[in-house]
There are 2 protein chains.
Amino acid sequence: MSPAPSEEGLVAWLRTLTSRGGTLIGDDAANLPSGAVVTVDQQIAGVHFAAGLPAAFVARRLLAVNLSDIAASGARPRHAFLALAAPRGFDHRGFFRALVRACDGYGVALAGGDLALAPQLHLSLTLIGERRTGSATLARDRARPGQTLWLGGTLGESALGCELLRRGARPRGSGVVLPASFSAKGGLRTAAVRAVRRHLLPTPQLELGRWLAARGPSASIAAIDVSDGLAKDLHRLCAASGVGARLDGAALRAAMPPRFAELAGRLGLEPERLVESGGEDYVLLFTLPKTTTPPRRFGALAIGQIMRAKGIFVNDPDAAPASRRRRLANAGWDHLDLSGR
Amino acid sequence: MSPAPSEEGLVAWLRTLTSRGGTLIGDDAANLPSGAVVTVDQQIAGVHFAAGLPAAFVARRLLAVNLSDIAASGARPRHAFLALAAPRGFDHRGFFRALVRACDGYGVALAGGDLALAPQLHLSLTLIGERRTGSATLARDRARPGQTLWLGGTLGESALGCELLRRGARPRGSGVVLPASFSAKGGLRTAAVRAVRRHLLPTPQLELGRWLAARGPSASIAAIDVSDGLAKDLHRLCAASGVGARLDGAALRAAMPPRFAELAGRLGLEPERLVESGGEDYVLLFTLPKTTTPPRRFGALAIGQIMRAKGIFVNDPDAAPASRRRRLANAGWDHLDLSGR
């Protein structure tokens, strides 16, 4: 028996162990020599989502989360393979109806899988995508000093939605019922509903990923999807690239969705903490040369700069003097250490 | 909530549901247009193997079982992706050391995956192989009347080994300790140890699969690996091909390993039942034109013939008059109905 390792430590060890696959391990998706891009992700009831979530939501969320890994690779998703272990009485048909419909919407064919009975609902989805010839290979290790650091959208909303679900929010049909303990109207209510929906069904940024890949084979672009929190995923990106980063505190505040800080306050949560280490927002975190700006339709936000010197810092001229330049801790979700959340 | 469906029924329904992937679903591995062959299989502690099995055995068995699906497609395995959910204290390093070593032995690169903590050990492995251009596409639906039905090797041994494990047999180092309640010497002891080893570590028939595929693109060859028992897997093959089969009772007896019937008797099990519906032997079941015989090195056994008329029968001139021609029931392992075993 070995002590519970961290995911990071185990993956680093694994890369030294494998003679053949080592160079492929470590990104959200593996770029195979054939041009295929492959990602595998699992979702477990009680670990990744609440045990009572209706089967159709489980299906859509599973697909969306995995598509986000394909998005970070800049590929086009093509085929899905599902390993499904479910308890007796699981709504297989409701699940598959939703999954196939969602796959259809993304041009993905559900092409195979494996079914089993098990006491706990456990899903593992493999997605295979295609890299366009002549496109940039997006990877964590491609950040270069001087590049601008971008976010594909706002952050923190999913963690906030997760908290609302923990307090009793529930999906009903295509809507959301907020917990009885939470009374809000107007914009705040809208913000709460949007947060729950975003947690239940994140939007994979496939088009943005493909736009990045289309910068061409000579472009050095780092990309990762923010699944485990900005801090953790940025630390991963910087470690893989051997660089540091300087974030702009005002830009991070601008990455909060409308009414977000107010909503977080109502729930007794710190909005900054949700933004920095909340996780599961599934927006892309990526780098571009200073002179390149993504089209406005993507709603991307410049949040800082890649630095030669290691370490990740937040600069915030508006903060109290002691925290105008603070280190961003590597905190967030570790899949092998549940104490992280 | 829908009633617990059978795997067969659910897969058939699923094929009608999916507009894109339907034609790909149903074989052990999916043949993608790119030439890639993909298979996904899961192994769950307490469902597919005993909860206390050492991590290294779990790893090797997981790979072997999945490689068997690739074998049935005639492809060469290339890349593996692992979704691993394990309880705290799981021997991750022992597991990965064994998995990577086993992958290396088959020319497979472990290229990615996903790790999670979960109360129960759950593994899902995706294997991607390559089909050689100009090779036959092996599939369940390619059996033709008049073809000879072949087995890649002996049957029933794995189920017998599984029973010995249930009675207390244990792997120790590279050997096997038999249960104290089971005393045997010489050939019978050797047969018992071999049965346990075969259950723990089946041999995927990759070379045989590739030999079949090398019959060329115009060859119509049905192939499936016997995972859920000869009866069930032959029913699948015949249903997909729209044919029947006539098995030769004497040939089925010849498909028993040495001392098998005696060993089964000692455990109070019917040897014929183990051969016909024991499952998990992972030999290939395949068809060939009457005039083609696999090279002797594969140890393949001709066990019958594909018939135009549906229904699967066993002809046995040596049997009692009433059972000289008996119907082979579609009995064996259903992954969604644990009462099957």
# chains A, B, ... in the order shown; residues from 1 in each chain; ligands from 1

$ residues_around --residues "Arg326 of chain A" --least-positions-apart "4" --cutoff "9 Å" --atoms "only C-alpha atoms" --output "ChimeraX atom specification"
/A:312-316,322

$ write_last_selection --atoms "C-alpha atoms" --output "PDB file, in the first residue's frame"
ATOM      1  CA  ILE A 312       2.516  33.220 -10.199  1.00  0.00           C
ATOM      2  CA  PHE A 313       1.589  36.611  -8.788  1.00  0.00           C
ATOM      3  CA  VAL A 314      -1.489  38.809  -8.760  1.00  0.00           C
ATOM      4  CA  ASN A 315      -0.807  42.541  -9.138  1.00  0.00           C
ATOM      5  CA  ASP A 316      -3.562  44.703  -7.799  1.00  0.00           C
ATOM      6  CA  ALA A 322       0.182  44.587   1.832  1.00  0.00           C
TER       7      ALA A 322
END

$ residues_around --residues "Gly161 of chain A" --least-positions-apart "4" --cutoff "8 Å" --atoms "only C-alpha atoms" --output "list in words"
Glu157, Leu165, Ala192, Val193, Arg194, Ala195, Val196, Arg197, Arg198 and His199 of chain A

$ closest_residue --among "B:Leu121, B:Leu63, B:Leu82, B:Ala51" --to "Arg101 of chain B" --atoms "only C-alpha atoms"
B:Leu63

$ residues_around --residues "Ala329 of chain A" --least-positions-apart "6" --cutoff "12 Å" --atoms "only C-alpha atoms" --output "list of chain:residue names"
A:Gly229, A:Leu230, A:Ala231, A:Lys232, A:Asp233, A:Leu234, A:His235, A:Arg273, A:Glu276, A:Ser277, A:Gly311, A:Ile312, A:Phe313, A:Val314

$ select_by_dssp --residues "segment 158-196 of chain A" --states "helix (DSSP H, G or I)" --output "list of chain:residue names"
A:Ser158, A:Ala159, A:Leu160, A:Gly161, A:Cys162, A:Glu163, A:Leu164, A:Leu165, A:Arg166, A:Gly186, A:Gly187, A:Leu188, A:Arg189, A:Thr190, A:Ala191, A:Ala192, A:Val193, A:Arg194, A:Ala195, A:Val196

$ write_last_selection --atoms "N, CA and C atoms" --output "PDB file, in the first residue's frame"
ATOM      1  N   SER A 158     -19.569  28.277 -11.716  1.00  0.00           N
ATOM      2  CA  SER A 158     -19.899  26.865 -11.541  1.00  0.00           C
ATOM      3  C   SER A 158     -19.805  26.459 -10.075  1.00  0.00           C
ATOM      4  N   ALA A 159     -18.752  26.920  -9.385  1.00  0.00           N
ATOM      5  CA  ALA A 159     -18.590  26.578  -7.965  1.00  0.00           C
ATOM      6  C   ALA A 159     -19.743  27.151  -7.153  1.00  0.00           C
ATOM      7  N   LEU A 160     -20.193  28.339  -7.565  1.00  0.00           N
ATOM      8  CA  LEU A 160     -21.311  28.965  -6.876  1.00  0.00           C
ATOM      9  C   LEU A 160     -22.598  28.161  -7.131  1.00  0.00           C
ATOM     10  N   GLY A 161     -22.774  27.726  -8.362  1.00  0.00           N
ATOM     11  CA  GLY A 161     -23.931  26.886  -8.694  1.00  0.00           C
ATOM     12  C   GLY A 161     -23.897  25.575  -7.936  1.00  0.00           C
ATOM     13  N   CYS A 162     -22.706  25.033  -7.788  1.00  0.00           N
ATOM     14  CA  CYS A 162     -22.521  23.782  -7.040  1.00  0.00           C
ATOM     15  C   CYS A 162     -22.974  23.969  -5.594  1.00  0.00           C
ATOM     16  N   GLU A 163     -22.612  25.109  -5.024  1.00  0.00           N
ATOM     17  CA  GLU A 163     -23.007  25.409  -3.646  1.00  0.00           C
ATOM     18  C   GLU A 163     -24.532  25.524  -3.542  1.00  0.00           C
ATOM     19  N   LEU A 164     -25.148  26.168  -4.520  1.00  0.00           N
ATOM     20  CA  LEU A 164     -26.613  26.278  -4.507  1.00  0.00           C
ATOM     21  C   LEU A 164     -27.257  24.889  -4.614  1.00  0.00           C
ATOM     22  N   LEU A 165     -26.688  24.024  -5.417  1.00  0.00           N
ATOM     23  CA  LEU A 165     -27.213  22.656  -5.524  1.00  0.00           C
ATOM     24  C   LEU A 165     -27.063  21.931  -4.195  1.00  0.00           C
ATOM     25  N   ARG A 166     -25.926  22.167  -3.535  1.00  0.00           N
ATOM     26  CA  ARG A 166     -25.691  21.540  -2.235  1.00  0.00           C
ATOM     27  C   ARG A 166     -26.734  22.029  -1.234  1.00  0.00           C
ATOM     28  N   GLY A 186     -35.298  39.245  -9.281  1.00  0.00           N
ATOM     29  CA  GLY A 186     -34.691  40.019 -10.352  1.00  0.00           C
ATOM     30  C   GLY A 186     -33.340  39.497 -10.780  1.00  0.00           C
ATOM     31  N   GLY A 187     -32.396  40.428 -10.924  1.00  0.00           N
ATOM     32  CA  GLY A 187     -31.075  40.093 -11.460  1.00  0.00           C
ATOM     33  C   GLY A 187     -30.332  39.090 -10.603  1.00  0.00           C
ATOM     34  N   LEU A 188     -30.534  39.160  -9.293  1.00  0.00           N
ATOM     35  CA  LEU A 188     -29.817  38.244  -8.409  1.00  0.00           C
ATOM     36  C   LEU A 188     -30.336  36.820  -8.580  1.00  0.00           C
ATOM     37  N   ARG A 189     -31.651  36.734  -8.719  1.00  0.00           N
ATOM     38  CA  ARG A 189     -32.264  35.436  -8.955  1.00  0.00           C
ATOM     39  C   ARG A 189     -31.773  34.859 -10.290  1.00  0.00           C
ATOM     40  N   THR A 190     -31.761  35.692 -11.311  1.00  0.00           N
ATOM     41  CA  THR A 190     -31.272  35.274 -12.627  1.00  0.00           C
ATOM     42  C   THR A 190     -29.828  34.773 -12.529  1.00  0.00           C
ATOM     43  N   ALA A 191     -29.023  35.511 -11.765  1.00  0.00           N
ATOM     44  CA  ALA A 191     -27.621  35.125 -11.602  1.00  0.00           C
ATOM     45  C   ALA A 191     -27.513  33.765 -10.915  1.00  0.00           C
ATOM     46  N   ALA A 192     -28.384  33.530  -9.934  1.00  0.00           N
ATOM     47  CA  ALA A 192     -28.348  32.259  -9.205  1.00  0.00           C
ATOM     48  C   ALA A 192     -28.742  31.104 -10.126  1.00  0.00           C
ATOM     49  N   VAL A 193     -29.810  31.320 -10.889  1.00  0.00           N
ATOM     50  CA  VAL A 193     -30.263  30.268 -11.807  1.00  0.00           C
ATOM     51  C   VAL A 193     -29.174  29.969 -12.836  1.00  0.00           C
ATOM     52  N   ARG A 194     -28.554  31.051 -13.333  1.00  0.00           N
ATOM     53  CA  ARG A 194     -27.501  30.876 -14.345  1.00  0.00           C
ATOM     54  C   ARG A 194     -26.324  30.085 -13.766  1.00  0.00           C
ATOM     55  N   ALA A 195     -26.008  30.342 -12.502  1.00  0.00           N
ATOM     56  CA  ALA A 195     -24.888  29.628 -11.870  1.00  0.00           C
ATOM     57  C   ALA A 195     -25.183  28.129 -11.758  1.00  0.00           C
ATOM     58  N   VAL A 196     -26.405  27.807 -11.347  1.00  0.00           N
ATOM     59  CA  VAL A 196     -26.765  26.388 -11.225  1.00  0.00           C
ATOM     60  C   VAL A 196     -26.717  25.723 -12.598  1.00  0.00           C
TER      61      VAL A 196
END

$ atom_distance --atom1 "atom CA of Glu207 of chain A" --atom2 "atom CA of Ala71 of chain A"
7.4 Å

$ atom_distance --atom1 "atom CA of Arg259 of chain B" --atom2 "atom CA of Ala180 of chain B"
20.0 Å

$ closest_residue --among "A:Ala143, A:Gly152, A:Lys185, A:Ala319" --to "Ile306 of chain A" --atoms "only C-alpha atoms"
A:Ala143

$ select_by_dssp --residues "segment 45-142 of chain A" --states "strand (DSSP E or B)" --output "MDAnalysis selection string"
chainID A and resid 45 49 76:86 109:117 122:130 139
